[in-house]
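Encoded as structure tokens, the structure appears first; notes follow it.
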Amino acid sequence: DIACGQGGSTRFLCQRFPQAAVVATNLSLKQIQNARKNAPAATFVEMDAARLSFPDQSFDLIVCIEAAFHF
């Protein structure tokens with residue numbers, strides 16, 4: 001979940017796909033702290049959505065619901 005904001009979409013992904021390893025990124029550490037409360041099952045990484053540093057083929061699916069219009 002790229003640019004996850006407060007974690008609403010991350011929470012939905014964790015609930016909808018409980019067996020999945022959900023990873024969420026956000027540039028704001030403060031928002032990540034709030035998102036962790038909303039989706040404690042997810043892994044959160046402080047990272048710029050325009051400069052993702054994950055290795056190739058790290059994920060089966062990538063979504064950006066909260067902030068795609070920003071970049």
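Going by the structure tokens order, chains are called A, B, ..., each with residues numbered from 1, while ligands are numbered from 1 in the order shown.
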Close residues, range 28-39 of chain A itself excluded, 8 Å, only C-alpha atoms, min 4 positions apart in chain, as a short mmCIF file (atom, residue, chain, number, x, y, z; two decimals) with N, CA and C atoms, in the first residue's frame:
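Dumped everything to around.cif:
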```cif
data_model
loop_
_atom_site.label_atom_id
_atom_site.label_comp_id
_atom_site.auth_asym_id
_atom_site.auth_seq_id
_atom_site.Cartn_x
_atom_site.Cartn_y
_atom_site.Cartn_z
N CYS A 4 0.34 5.23 2.21
CA CYS A 4 -0.84 4.70 2.91
C CYS A 4 -1.59 5.69 3.78
N GLY A 5 -1.05 6.87 3.98
CA GLY A 5 -1.75 7.86 4.81
C GLY A 5 -1.95 7.36 6.23
N GLN A 6 -3.17 7.46 6.73
CA GLN A 6 -3.50 7.05 8.09
C GLN A 6 -3.75 5.54 8.21
N GLY A 7 -3.66 4.81 7.10
CA GLY A 7 -3.76 3.36 7.15
C GLY A 7 -5.14 2.78 6.91
N GLY A 8 -6.08 3.59 6.42
CA GLY A 8 -7.42 3.06 6.16
C GLY A 8 -7.42 1.98 5.09
N THR A 10 -4.83 0.28 4.18
CA THR A 10 -4.00 -0.81 4.69
C THR A 10 -4.82 -1.72 5.59
N ARG A 11 -5.63 -1.13 6.45
CA ARG A 11 -6.51 -1.91 7.33
C ARG A 11 -7.45 -2.78 6.49
N CYS A 14 -5.57 -5.73 5.03
CA CYS A 14 -5.30 -6.75 6.06
C CYS A 14 -6.54 -7.55 6.41
N PHE A 44 5.12 -1.51 8.17
CA PHE A 44 5.18 -0.14 7.67
C PHE A 44 6.62 0.28 7.46
N VAL A 45 6.83 1.02 6.35
CA VAL A 45 8.17 1.49 6.00
C VAL A 45 8.08 2.97 5.63
N GLU A 46 8.94 3.78 6.24
CA GLU A 46 9.00 5.20 5.89
C GLU A 46 9.78 5.32 4.57
#
```
Mind checking which residues fall within 7 Å of range 57-66 of chain A, counting only C-alpha atoms, ignoring those fewer than 2 positions away in the same chain, and posting them as an NGL selection string? :A and (1-5 or 9 or 54-55 or 68)
Just to be explicit: take each residue in the selection above, keep all heavy atoms, and write the result as a short mmCIF file (atom, residue, chain, number, x, y, z; two decimals), in the first residue's frame.
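Okay, this is what ended up in part-v7.cif:
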```cif
data_model
loop_
_atom_site.label_atom_id
_atom_site.label_comp_id
_atom_site.auth_asym_id
_atom_site.auth_seq_id
_atom_site.Cartn_x
_atom_site.Cartn_y
_atom_site.Cartn_z
N ASP A 1 0.86 -1.16 0.00
CA ASP A 1 0.00 0.00 0.00
C ASP A 1 0.91 1.22 0.00
O ASP A 1 1.40 1.64 1.05
CB ASP A 1 -0.92 -0.04 1.22
CG ASP A 1 -1.98 1.05 1.20
OD1 ASP A 1 -2.11 1.74 0.18
OD2 ASP A 1 -2.67 1.19 2.22
N ILE A 2 1.12 1.79 -1.18
CA ILE A 2 2.05 2.90 -1.33
C ILE A 2 1.37 4.20 -0.91
O ILE A 2 0.25 4.48 -1.30
CB ILE A 2 2.54 3.01 -2.79
CG1 ILE A 2 3.17 1.69 -3.24
CG2 ILE A 2 3.49 4.18 -2.97
CD1 ILE A 2 4.34 1.23 -2.41
N ALA A 3 2.08 5.00 -0.10
CA ALA A 3 1.55 6.27 0.41
C ALA A 3 0.24 6.02 1.17
O ALA A 3 -0.81 6.55 0.85
CB ALA A 3 1.38 7.28 -0.71
N CYS A 4 0.34 5.23 2.21
CA CYS A 4 -0.84 4.70 2.91
C CYS A 4 -1.59 5.69 3.78
O CYS A 4 -2.66 5.37 4.30
CB CYS A 4 -0.43 3.50 3.75
SG CYS A 4 0.66 3.91 5.13
N GLY A 5 -1.05 6.87 3.98
CA GLY A 5 -1.75 7.86 4.81
C GLY A 5 -1.95 7.36 6.23
O GLY A 5 -1.02 6.87 6.86
N SER A 9 -6.75 2.23 4.00
CA SER A 9 -6.69 1.21 2.93
C SER A 9 -5.84 0.03 3.38
O SER A 9 -6.13 -1.12 3.02
CB SER A 9 -6.15 1.82 1.64
OG SER A 9 -4.89 2.43 1.85
N PHE A 54 12.50 -1.01 -2.83
CA PHE A 54 12.33 -2.45 -2.69
C PHE A 54 12.99 -3.16 -3.87
O PHE A 54 12.98 -2.64 -4.98
CB PHE A 54 10.84 -2.82 -2.66
CG PHE A 54 10.10 -2.27 -1.47
CD1 PHE A 54 9.22 -1.20 -1.62
CD2 PHE A 54 10.29 -2.80 -0.21
CE1 PHE A 54 8.54 -0.68 -0.54
CE2 PHE A 54 9.60 -2.30 0.88
CZ PHE A 54 8.73 -1.24 0.72
N PRO A 55 13.53 -4.34 -3.65
CA PRO A 55 14.09 -5.10 -4.77
C PRO A 55 13.00 -5.47 -5.79
O PRO A 55 11.83 -5.60 -5.42
CB PRO A 55 14.66 -6.36 -4.12
CG PRO A 55 14.76 -6.06 -2.66
CD PRO A 55 13.71 -5.02 -2.37
N ALA A 68 -2.20 8.83 -4.85
CA ALA A 68 -1.65 8.79 -6.22
C ALA A 68 -1.71 10.16 -6.89
O ALA A 68 -0.85 10.49 -7.69
CB ALA A 68 -2.39 7.76 -7.06
#
```
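You will find CA of Asp48 in chain A at 5.1 Å from CA of Leu27 in chain A.
Note that DSSP on the backbone gives alpha helix (DSSP H) to these residues of range 3-53 of chain A: Gly8, Ser9, Thr10, Arg11, Phe12, Leu13, Cys14, Gln15, Arg16, Leu29, Lys30, Gln31, Ile32, Gln33, Asn34, Ala35, Arg36, Lys37 and Asn38 of chain A.
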Written selection (C-alpha atoms) as a CSV table (one decimal), in the first residue's frame:
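Final output, again-v2.csv:
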```
chain,number,residue,atom,x,y,z
A,8,GLY,CA,-7.4,3.1,6.2
A,9,SER,CA,-6.7,1.2,2.9
A,10,THR,CA,-4.0,-0.8,4.7
A,11,ARG,CA,-6.5,-1.9,7.3
A,12,PHE,CA,-8.9,-2.9,4.6
A,13,LEU,CA,-6.2,-5.0,2.8
A,14,CYS,CA,-5.3,-6.7,6.1
A,15,GLN,CA,-8.9,-7.6,6.8
A,16,ARG,CA,-9.8,-8.7,3.2
A,29,LEU,CA,6.6,9.1,10.1
A,30,LYS,CA,3.7,10.6,12.1
A,31,GLN,CA,1.2,9.1,9.7
A,32,ILE,CA,2.9,5.8,9.8
A,33,GLN,CA,2.6,5.8,13.6
A,34,ASN,CA,-1.2,6.4,13.3
A,35,ALA,CA,-1.5,3.8,10.5
A,36,ARG,CA,0.2,1.2,12.7
A,37,LYS,CA,-2.7,1.7,15.2
A,38,ASN,CA,-5.2,1.2,12.4
```
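Among the residues of range 12-64 of chain A, backbone DSSP assigns strand (DSSP E or B) to Val23, Ala24, Thr25, Asn26, Thr43, Phe44, Val45 and Glu46 of chain A.
Interatomic distance, CA of Ala20 in chain A against CA of Ser53 in chain A: 20.6 Å.
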Just give me the gap between CA of His70 in chain A and CA of Pro18 in chain A in Å, one decimal is fine. 28.8 Å
